[in-house]
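See below for coords-v7.cif, which holds mmCIF, C-alpha atoms.
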```cif
data_coords
#
loop_
_atom_site.label_atom_id
_atom_site.label_comp_id
_atom_site.auth_asym_id
_atom_site.auth_seq_id
_atom_site.Cartn_x
_atom_site.Cartn_y
_atom_site.Cartn_z
CA MET A 3 26.86 57.34 46.32
CA LYS A 4 29.41 58.95 48.62
CA PHE A 5 30.71 60.84 45.55
CA PHE A 6 27.45 62.82 45.34
CA ARG A 7 27.10 63.72 49.02
CA ASN A 8 27.38 67.37 49.90
CA PHE A 9 27.78 68.19 46.25
CA HIS A 10 28.53 71.90 46.33
CA GLY A 11 26.67 74.17 43.96
CA LEU A 12 24.26 71.58 42.55
CA LYS A 13 21.37 74.06 42.80
CA ASP A 14 23.31 76.88 41.09
CA LEU A 15 24.64 74.54 38.44
CA SER A 16 21.15 73.26 37.67
CA SER A 17 19.92 76.85 37.40
CA ILE A 18 22.36 77.80 34.64
CA GLY A 19 22.47 74.24 33.34
CA ILE A 20 18.80 74.03 32.41
CA ALA A 21 18.94 77.44 30.72
CA ASN A 22 22.12 76.64 28.80
CA ILE A 23 20.93 73.23 27.70
CA LEU A 24 17.56 74.58 26.58
CA GLY A 25 18.94 77.74 24.96
CA SER A 26 21.94 76.09 23.33
CA THR A 27 19.79 73.22 22.05
CA ILE A 28 17.42 75.72 20.43
CA SER A 29 20.39 77.48 18.85
CA ALA A 30 22.16 74.29 17.72
CA LEU A 31 19.01 72.79 16.19
CA PHE A 32 18.31 76.04 14.38
CA TRP A 33 21.84 76.15 12.96
CA ILE A 34 21.36 72.60 11.74
CA TYR A 35 17.97 73.57 10.27
CA LEU A 36 19.62 76.49 8.48
CA ALA A 37 21.94 73.98 6.82
CA SER A 38 18.99 72.33 5.09
CA LEU A 39 17.36 75.69 4.35
CA MET A 40 20.36 77.43 2.79
CA GLY A 41 22.24 74.64 1.01
CA ALA A 42 25.90 73.71 1.50
CA GLU A 43 27.48 76.60 -0.44
CA ASN A 44 25.45 79.44 1.16
CA TYR A 45 25.83 77.77 4.56
CA GLY A 46 29.59 77.64 4.12
CA GLU A 47 29.72 81.28 3.03
CA LEU A 48 27.67 82.29 6.10
CA SER A 49 30.12 80.49 8.38
CA TYR A 50 32.96 82.35 6.68
CA TYR A 51 31.40 85.73 7.47
CA ILE A 52 30.61 84.65 11.03
CA SER A 53 34.27 83.78 11.51
CA ILE A 54 35.29 87.25 10.39
CA ALA A 55 32.71 88.83 12.70
CA GLY A 56 33.83 86.60 15.58
CA ILE A 57 37.44 87.75 15.26
CA ALA A 58 36.36 91.41 15.05
CA THR A 59 34.25 90.90 18.20
CA SER A 60 37.22 89.49 20.07
CA ILE A 61 39.44 92.39 19.00
CA SER A 62 36.80 94.83 20.27
CA LEU A 63 36.47 93.22 23.72
CA VAL A 64 39.00 94.98 25.96
CA GLY A 65 40.51 92.42 28.31
CA GLY A 66 38.38 89.59 26.97
CA PRO A 67 34.99 88.53 28.43
CA LYS A 68 36.34 86.08 31.00
CA ALA A 69 38.39 88.86 32.65
CA ILE A 70 35.14 90.51 33.70
CA THR A 71 33.84 87.26 35.20
CA VAL A 72 37.01 86.76 37.24
CA LEU A 73 37.37 90.39 38.41
CA VAL A 74 33.67 90.87 39.21
CA ALA A 75 33.70 87.60 41.17
CA LYS A 76 36.59 89.10 43.17
CA LYS A 77 34.51 92.29 43.86
CA ILE A 78 36.72 94.53 41.70
CA LYS A 79 34.53 97.24 40.16
CA ILE A 80 36.10 97.48 36.74
CA GLU A 81 33.23 96.49 34.47
CA SER A 82 32.03 100.01 33.54
CA THR A 83 35.51 100.98 32.35
CA ILE A 84 35.74 97.85 30.19
CA TYR A 85 32.20 98.47 28.91
CA PHE A 86 33.07 101.98 27.74
CA LEU A 87 36.24 100.95 25.93
CA SER A 88 34.76 97.78 24.40
CA ILE A 89 31.60 99.45 23.08
CA SER A 90 33.70 102.24 21.56
CA SER A 91 35.98 99.68 19.90
CA SER A 92 33.02 97.69 18.57
CA ILE A 93 31.56 100.78 16.89
CA ILE A 94 34.86 101.41 15.12
CA SER A 95 35.15 97.73 14.12
CA SER A 96 31.60 97.59 12.75
CA ILE A 97 32.17 100.69 10.60
CA ILE A 98 35.41 99.25 9.17
CA LEU A 99 33.72 95.91 8.41
CA TYR A 100 30.80 97.58 6.66
CA PHE A 101 33.07 99.44 4.27
CA ALA A 102 35.22 96.32 3.76
CA PHE A 103 32.38 93.88 2.98
CA SER A 104 29.31 96.10 2.31
CA ASN A 105 27.41 93.78 4.65
CA ILE A 106 25.35 95.43 7.39
CA GLY A 107 24.77 92.02 8.97
CA ILE A 108 28.44 91.62 9.95
CA SER A 109 28.44 95.07 11.58
CA ALA A 110 25.24 94.34 13.53
CA TYR A 111 26.67 91.01 14.64
CA VAL A 112 29.84 92.60 16.04
CA LEU A 113 27.98 95.34 17.95
CA GLY A 114 25.50 92.86 19.42
CA ALA A 115 28.06 90.18 20.24
CA VAL A 116 30.21 92.63 22.20
CA VAL A 117 27.18 93.70 24.27
CA TYR A 118 26.25 90.04 24.81
CA ASN A 119 29.71 88.92 25.92
CA LEU A 120 30.14 91.83 28.33
CA SER A 121 26.72 91.30 29.92
CA VAL A 122 26.97 87.52 30.24
CA SER A 123 30.42 87.78 31.83
CA GLU A 124 29.18 90.31 34.39
CA LEU A 125 26.11 88.22 35.31
CA LEU A 126 28.24 85.10 35.80
CA GLY A 127 30.83 87.03 37.80
CA ARG A 128 28.11 88.23 40.18
CA LYS A 129 26.70 84.69 40.26
CA PHE A 130 23.30 85.99 39.12
CA TYR A 131 22.54 82.60 37.66
CA LYS A 132 18.75 83.02 37.41
CA LYS A 133 19.02 86.38 35.61
CA TYR A 134 21.65 84.93 33.33
CA SER A 135 19.34 82.00 32.54
CA PHE A 136 16.45 84.31 31.63
CA TYR A 137 18.54 86.50 29.33
CA PHE A 138 20.25 83.51 27.74
CA ILE A 139 17.01 81.74 26.75
CA LEU A 140 15.44 85.02 25.58
CA GLN A 141 18.38 85.68 23.26
CA LYS A 142 18.17 82.21 21.69
CA ILE A 143 14.44 82.58 21.03
CA LEU A 144 14.94 86.02 19.48
CA PHE A 145 17.85 84.64 17.43
CA VAL A 146 15.60 82.05 15.80
CA ILE A 147 12.66 84.38 15.17
CA LEU A 148 14.63 87.38 13.90
CA SER A 149 17.04 85.34 11.78
CA LEU A 150 14.17 83.64 9.97
CA ILE A 151 12.34 86.93 9.42
CA PHE A 152 15.38 88.71 8.00
CA TYR A 153 16.47 85.65 6.00
CA TYR A 154 13.18 85.59 4.10
CA LEU A 155 13.28 89.38 3.69
CA ILE A 156 16.85 89.92 2.45
CA GLY A 157 18.50 86.49 2.13
CA PRO A 158 21.56 84.95 3.89
CA GLU A 159 22.77 88.35 5.10
CA GLY A 160 19.58 88.53 7.16
CA VAL A 161 20.76 85.70 9.41
CA LEU A 162 23.69 87.83 10.59
CA LEU A 163 21.34 90.78 11.09
CA GLY A 164 18.95 88.64 13.11
CA ILE A 165 21.76 87.43 15.37
CA GLY A 166 22.92 90.99 15.97
CA PHE A 167 19.45 92.24 16.92
CA SER A 168 18.84 89.23 19.18
CA PHE A 169 21.53 90.57 21.54
CA LEU A 170 19.68 93.86 22.18
CA PRO A 171 18.04 92.81 25.51
CA PHE A 172 21.53 92.61 27.03
CA LEU A 173 22.03 96.32 26.42
CA GLU A 174 20.10 96.99 29.62
CA ARG A 175 22.91 95.42 31.68
CA ILE A 176 25.50 97.62 29.98
CA CYS A 177 23.50 100.80 30.61
CA ARG A 178 23.02 99.86 34.26
CA GLY A 179 26.72 99.15 34.73
CA LEU A 180 27.74 102.47 33.18
CA LYS A 181 25.21 104.28 35.36
CA ASP A 182 25.94 102.58 38.70
CA ILE A 183 29.74 102.20 38.55
CA LYS A 184 32.15 105.04 37.88
CA ILE A 185 34.60 104.67 35.01
CA ASP A 186 38.05 104.37 36.58
CA PHE A 187 41.07 104.18 34.27
CA LYS A 188 43.42 103.96 37.29
CA LEU A 189 41.81 100.66 38.25
CA LEU A 190 42.26 99.53 34.67
CA ARG A 191 45.99 100.25 34.87
CA SER A 192 46.34 98.25 38.09
CA LYS A 193 44.96 95.15 36.34
CA TRP A 194 46.49 95.89 32.94
CA LYS A 195 48.78 92.85 32.86
CA PHE A 196 45.95 90.42 33.59
CA LEU A 197 43.64 92.18 31.14
CA THR A 198 46.27 92.22 28.40
CA ASN A 199 47.07 88.54 28.85
CA ASN A 200 43.38 87.69 28.89
CA PHE A 201 42.73 89.78 25.76
CA ILE A 202 45.50 87.95 23.92
CA LEU A 203 44.14 84.68 25.29
CA ASP A 204 40.60 85.38 24.10
CA LEU A 205 41.83 86.56 20.69
CA SER A 206 44.09 83.51 20.30
CA TYR A 207 41.20 81.21 21.29
CA VAL A 208 38.85 82.88 18.80
CA LEU A 209 41.50 82.68 16.08
CA GLU A 210 42.00 79.02 16.97
CA THR A 211 38.27 78.29 16.63
CA GLN A 212 37.71 80.43 13.52
CA ILE A 213 40.92 80.05 11.51
CA ASP A 214 39.80 76.72 10.09
CA LYS A 215 36.71 78.29 8.47
CA LEU A 216 38.77 81.19 7.12
CA LEU A 217 41.21 78.77 5.49
CA ILE A 218 38.84 76.04 4.32
CA GLY A 219 36.52 78.41 2.41
CA PRO A 220 39.16 79.90 0.07
CA LEU A 221 41.30 76.73 -0.16
CA PHE A 222 38.67 74.00 -0.54
CA GLY A 223 35.51 75.88 -1.53
CA PHE A 224 32.34 76.86 0.32
CA VAL A 225 30.57 73.55 -0.37
CA ILE A 226 33.27 71.70 1.58
CA LEU A 227 33.15 74.41 4.24
CA GLY A 228 29.37 73.98 4.49
CA ASN A 229 29.77 70.24 5.17
CA TYR A 230 32.56 70.92 7.65
CA TYR A 231 30.48 73.60 9.42
CA LEU A 232 27.55 71.22 9.80
CA ALA A 233 29.88 68.73 11.52
CA ILE A 234 31.14 71.55 13.76
CA GLN A 235 27.55 72.39 14.71
CA VAL A 236 27.08 68.77 15.79
CA LEU A 237 30.21 69.12 17.94
CA HIS A 238 28.84 72.33 19.47
CA MET A 239 25.61 70.54 20.30
CA LEU A 240 27.50 67.72 22.01
CA ALA A 241 29.52 70.32 23.94
CA ILE A 242 26.50 72.04 25.49
CA VAL A 243 26.72 70.33 28.90
CA PRO A 244 30.53 70.64 29.24
CA GLU A 245 30.25 74.35 28.37
CA VAL A 246 27.62 74.80 31.07
CA VAL A 247 29.99 73.33 33.63
CA THR A 248 32.84 75.60 32.50
CA LYS A 249 30.63 78.69 32.87
CA TYR A 250 29.86 77.54 36.40
CA THR A 251 33.37 76.52 37.48
CA LEU A 252 35.10 79.74 36.36
CA PRO A 253 33.44 82.07 38.93
CA GLU A 254 33.46 79.29 41.55
CA ASP A 255 37.19 78.62 41.04
CA SER A 256 37.83 82.38 41.11
CA SER A 257 36.21 82.66 44.55
CA GLY A 258 38.11 79.64 45.91
CA THR A 259 35.43 76.92 45.75
CA ASN A 260 36.50 73.29 45.19
CA THR A 261 34.97 72.02 41.92
CA LYS A 262 36.98 68.81 41.44
CA LYS A 263 34.00 66.42 41.62
CA ILE A 264 31.93 68.21 39.00
CA LYS A 265 34.94 68.33 36.67
CA LEU A 266 35.51 64.57 36.91
CA LEU A 267 31.85 63.90 36.16
CA THR A 268 31.98 66.24 33.17
CA VAL A 269 34.96 64.45 31.60
CA PHE A 270 33.22 61.10 32.03
CA PHE A 271 30.04 62.48 30.45
CA SER A 272 32.03 63.87 27.50
CA VAL A 273 33.15 60.31 26.66
CA ILE A 274 29.50 59.21 26.47
CA LEU A 275 28.72 62.21 24.25
CA ALA A 276 31.59 61.27 21.91
CA LEU A 277 30.18 57.74 21.51
CA PHE A 278 26.77 59.21 20.74
CA GLY A 279 28.34 61.41 18.06
CA ILE A 280 30.19 58.47 16.52
CA PHE A 281 27.37 55.92 16.32
CA ILE A 282 24.03 57.75 16.42
CA VAL A 283 24.37 61.25 14.95
CA PRO A 284 25.59 60.18 11.45
CA GLN A 285 22.45 58.10 10.97
CA ILE A 286 20.27 61.09 11.85
CA VAL A 287 22.19 63.42 9.53
CA ALA A 288 22.03 60.92 6.66
CA PHE A 289 18.24 60.81 6.95
CA PHE A 290 17.54 64.56 7.26
CA PHE A 291 20.43 66.10 5.27
CA PRO A 292 21.11 64.04 2.12
CA GLU A 293 22.80 67.06 0.48
CA TYR A 294 25.55 66.99 3.14
CA SER A 295 26.83 63.49 2.36
CA GLU A 296 30.48 64.48 2.90
CA SER A 297 29.74 65.51 6.48
CA LEU A 298 28.92 61.87 7.30
CA GLU A 299 32.63 61.07 7.12
CA LEU A 300 33.49 64.06 9.30
CA ILE A 301 31.01 63.74 12.16
CA PRO A 302 32.31 60.50 13.79
CA ILE A 303 35.88 61.85 13.77
CA ILE A 304 35.04 65.38 14.89
CA SER A 305 32.79 64.01 17.67
CA LEU A 306 35.93 62.62 19.33
CA ALA A 307 37.11 66.20 19.84
CA ILE A 308 34.51 66.68 22.59
CA VAL A 309 36.73 64.81 25.08
CA PRO A 310 40.00 66.78 24.73
CA SER A 311 37.99 69.98 24.24
CA THR A 312 36.19 69.44 27.56
CA ILE A 313 39.43 68.65 29.40
CA ALA A 314 41.09 71.75 27.94
CA SER A 315 38.16 73.99 28.91
CA LEU A 316 38.15 72.79 32.51
CA PHE A 317 41.91 73.24 32.91
CA SER A 318 41.65 76.66 31.24
CA ALA A 319 39.03 77.82 33.74
CA GLN A 320 41.22 76.62 36.60
CA LEU A 321 44.26 78.56 35.37
CA LEU A 322 42.23 81.64 34.48
CA ALA A 323 40.69 81.73 37.96
CA LYS A 324 44.24 82.04 39.32
CA GLU A 325 44.92 84.84 36.81
CA LYS A 326 47.46 82.61 35.05
CA SER A 327 46.20 83.58 31.61
CA GLY A 328 49.71 83.72 30.10
CA PHE A 329 49.85 79.92 30.02
CA LEU A 330 46.52 79.82 28.19
CA VAL A 331 47.81 82.18 25.53
CA ILE A 332 50.70 79.81 24.86
CA SER A 333 48.40 76.77 24.66
CA SER A 334 45.92 78.48 22.32
CA LEU A 335 48.58 79.83 19.96
CA THR A 336 50.34 76.46 19.84
CA SER A 337 47.06 74.69 19.17
CA MET A 338 46.20 77.17 16.41
CA ILE A 339 49.55 76.65 14.70
CA ILE A 340 49.05 72.88 14.78
CA LEU A 341 45.54 73.29 13.34
CA VAL A 342 46.75 75.50 10.48
CA ILE A 343 49.60 73.11 9.63
CA GLY A 344 47.16 70.20 9.78
CA ILE A 345 44.70 71.88 7.39
CA LEU A 346 47.46 72.77 4.93
CA ILE A 347 49.13 69.33 5.01
CA LEU A 348 46.46 66.77 5.99
CA GLY A 349 43.69 68.67 4.21
CA LYS A 350 45.65 68.76 0.96
CA SER A 351 46.74 65.12 1.31
CA PHE A 352 43.54 63.44 2.56
CA GLY A 353 40.80 65.93 1.67
CA ILE A 354 37.88 66.50 4.00
CA ILE A 355 38.93 63.66 6.34
CA GLY A 356 42.29 65.37 6.83
CA LEU A 357 40.44 68.49 8.00
CA ALA A 358 38.71 66.48 10.72
CA TYR A 359 41.94 64.87 11.91
CA SER A 360 43.59 68.30 12.03
CA LEU A 361 40.96 69.44 14.54
CA ILE A 362 41.36 66.31 16.69
CA ILE A 363 45.15 66.60 16.82
CA SER A 364 44.97 70.31 17.65
CA ASP A 365 42.45 69.89 20.50
CA SER A 366 44.28 66.86 21.91
CA PHE A 367 47.60 68.67 22.02
CA ARG A 368 45.99 71.66 23.74
CA ALA A 369 44.42 69.43 26.42
CA PHE A 370 47.73 67.63 27.04
CA LEU A 371 49.67 70.90 27.25
CA LEU A 372 47.20 72.40 29.75
CA PHE A 373 47.30 69.22 31.82
CA MET A 374 51.09 69.44 32.03
CA ILE A 375 50.95 73.15 32.92
CA ASN A 376 48.45 72.50 35.73
CA LEU A 377 50.62 69.65 37.01
CA TYR A 378 53.66 71.94 36.98
CA GLU A 379 51.78 74.69 38.85
CA LYS A 380 50.53 72.22 41.45
CA LYS A 381 54.02 70.87 42.13
CA LYS A 382 55.42 74.40 42.31
CA ASN A 383 52.82 75.40 44.90
CA LEU A 384 53.62 72.30 46.99
CA ARG A 385 57.31 73.27 47.05
CA ILE A 386 56.37 76.73 48.27
#
```

In structure tokens, what does this structure look like?
Amino acid sequence: MKFFRNFHGLKDLSSIGIANILGSTISALFWIYLASLMGAENYGELSYYISIAGIATSISLVGGPKAITVLVAKKIKIESTIYFLSISSSIISSIILYFAFSNIGISAYVLGAVVYNLSVSELLGRKFYKKYSFYFILQKILFVILSLIFYYLIGPEGVLLGIGFSFLPFLERICRGLKDIKIDFKLLRSKWKFLTNNFILDLSYVLETQIDKLLIGPLFGFVILGNYYLAIQVLHMLAIVPEVVTKYTLPEDSSGTNTKKIKLLTVFFSVILALFGIFIVPQIVAFFFPEYSESLELIPIISLAIVPSTIASLFSAQLLAKEKSGFLVISSLTSMIILVIGILILGKSFGIIGLAYSLIISDSFRAFLLFMINLYEKKKNLRI
């Protein structure tokens, strides 16, 4: 029991933890419900459009969302400047996407997602964990209600529209930031290197997490993509608790707090989650989603990715807190290249199982690379 004594931040962690677990569970269960509602092909096509919108969102976010968390935690008043540039970029992106796809849902998603990411990053940077929890749960509830309403009104496109509108409550944080903090482009220039590295990092991470859907849809068909996306949703559900910890450790690491104990516990818990995904989840999916029979082969394999994914996220937060985002760019790009090669080679050779192994290999390599980078940085600091 000595391990748990004087456990720093347990109260703050539980504050955001309960909200994230509740909100993310609502979201994950709804995504899984949508799979049964829409059918494999429409579900796969929806995931394809979400991937496009996710990349456009990342491109629009100046400096990347985690840069705001780190800089706000360090009391650097740069958020209003980033807000102004990011919102402007998102408007341009949404207009381009509308003319490219004639889909208002994608445009609404991008505008809302940019507002959401900016607001969440600022709240976490200020360590306003209770406010963050309230907004987070509210968004998930609105996401479910609005997506269902618009789905029954206009079809699959309505889900994207519902997601976009569910982000509207976060607009209040943006307006307040623009009102209370003066836009300062000089301050932006002083942190330009960190912001640029973090932007590339965020974009590379988004590409890494979305490139598989963009490739699988055209190469293997939307039915296969629908089965694959259902398995990914299971992985996201398993990752809820590790993601909560990462959201907590990033601002804490940025302000110099020791978070080693919570990280060790999180890795151990991720192993338990992987076992749950291997032995229990496939039985549940087989009972409720008979149409997605191919996903039953994917889920046990993809569930293993929770362990290297958790390790990579924790090491990423540690490096980002030290403003060492350049290393993370390298790890994300390398991981993405491995994933693409895996999809093209293993996917073609072994079918849907090859797609799952491609994800495992990619995440495992990223975790190992980040571990080695952190070890190198630690030894370098000891020499100094």

Tell me which of A:Tyr231, A:Phe152, A:Phe329, A:Phe291 sits closest to Ser206 (chain A), counting only C-alpha atoms.
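Of the candidates, the smallest distance to Ser206 (chain A) is held by A:Phe329.
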
Take CA of Leu321 (chain A) and CA of Ile57 (chain A) and report the distance between them in Å, one decimal.
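Between CA of Leu321 (chain A) and CA of Ile57 (chain A) the gap is 23.1 Å.
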
Excluding same-chain residues fewer than 3 positions from Pro67 (chain A), what lies within 12 Å of it counting all atoms listed in the file, as an mmCIF file with C-alpha atoms, in the frame of the given file?
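Saved file selection_27.cif follows:
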```cif
data_model
loop_
_atom_site.group_PDB
_atom_site.id
_atom_site.type_symbol
_atom_site.label_atom_id
_atom_site.label_comp_id
_atom_site.auth_asym_id
_atom_site.auth_seq_id
_atom_site.Cartn_x
_atom_site.Cartn_y
_atom_site.Cartn_z
ATOM 1 C CA THR A 59 34.250 90.900 18.200
ATOM 2 C CA SER A 60 37.220 89.490 20.070
ATOM 3 C CA ILE A 61 39.440 92.390 19.000
ATOM 4 C CA SER A 62 36.800 94.830 20.270
ATOM 5 C CA LEU A 63 36.470 93.220 23.720
ATOM 6 C CA VAL A 64 39.000 94.980 25.960
ATOM 7 C CA ILE A 70 35.140 90.510 33.700
ATOM 8 C CA THR A 71 33.840 87.260 35.200
ATOM 9 C CA VAL A 72 37.010 86.760 37.240
ATOM 10 C CA LEU A 73 37.370 90.390 38.410
ATOM 11 C CA VAL A 74 33.670 90.870 39.210
ATOM 12 C CA GLU A 81 33.230 96.490 34.470
ATOM 13 C CA ILE A 84 35.740 97.850 30.190
ATOM 14 C CA TYR A 85 32.200 98.470 28.910
ATOM 15 C CA SER A 88 34.760 97.780 24.400
ATOM 16 C CA ALA A 115 28.060 90.180 20.240
ATOM 17 C CA VAL A 116 30.210 92.630 22.200
ATOM 18 C CA VAL A 117 27.180 93.700 24.270
ATOM 19 C CA TYR A 118 26.250 90.040 24.810
ATOM 20 C CA ASN A 119 29.710 88.920 25.920
ATOM 21 C CA LEU A 120 30.140 91.830 28.330
ATOM 22 C CA SER A 121 26.720 91.300 29.920
ATOM 23 C CA VAL A 122 26.970 87.520 30.240
ATOM 24 C CA SER A 123 30.420 87.780 31.830
ATOM 25 C CA GLU A 124 29.180 90.310 34.390
ATOM 26 C CA LEU A 125 26.110 88.220 35.310
ATOM 27 C CA LEU A 126 28.240 85.100 35.800
ATOM 28 C CA GLY A 127 30.830 87.030 37.800
ATOM 29 C CA LEU A 197 43.640 92.180 31.140
ATOM 30 C CA THR A 198 46.270 92.220 28.400
ATOM 31 C CA ASN A 200 43.380 87.690 28.890
ATOM 32 C CA PHE A 201 42.730 89.780 25.760
ATOM 33 C CA ILE A 202 45.500 87.950 23.920
ATOM 34 C CA LEU A 203 44.140 84.680 25.290
ATOM 35 C CA ASP A 204 40.600 85.380 24.100
ATOM 36 C CA LEU A 205 41.830 86.560 20.690
ATOM 37 C CA TYR A 207 41.200 81.210 21.290
ATOM 38 C CA VAL A 208 38.850 82.880 18.800
ATOM 39 C CA LYS A 249 30.630 78.690 32.870
ATOM 40 C CA LEU A 252 35.100 79.740 36.360
ATOM 41 C CA LEU A 322 42.230 81.640 34.480
#
```

I'd like the interatomic distance between CA of Ala369 (chain A) and CA of Thr336 (chain A), to a tenth of an Å.
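Computed distance, CA of Ala369 (chain A) to CA of Thr336 (chain A), equals 11.3 Å.
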
Please report the interatomic distance between CA of Tyr111 (chain A) and CA of Ala55 (chain A) in Å with one decimal.
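Rounded to one decimal, the two atoms are 6.7 Å apart.
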
Minimum-distance residue to Ser327 (chain A), chosen among A:Phe196, A:Leu36, A:Ile78, A:Gly179 (using only C-alpha atoms):
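Smallest separation from Ser327 (chain A) among the options: A:Phe196.
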
Could you give me, as a ChimeraX atom specification, the residues within 9 Å of Ile93 (chain A), counting all atoms listed in the file and dropping anything in the same chain fewer than 2 positions from it?
/A:62,88-91,95-98,109,112-113
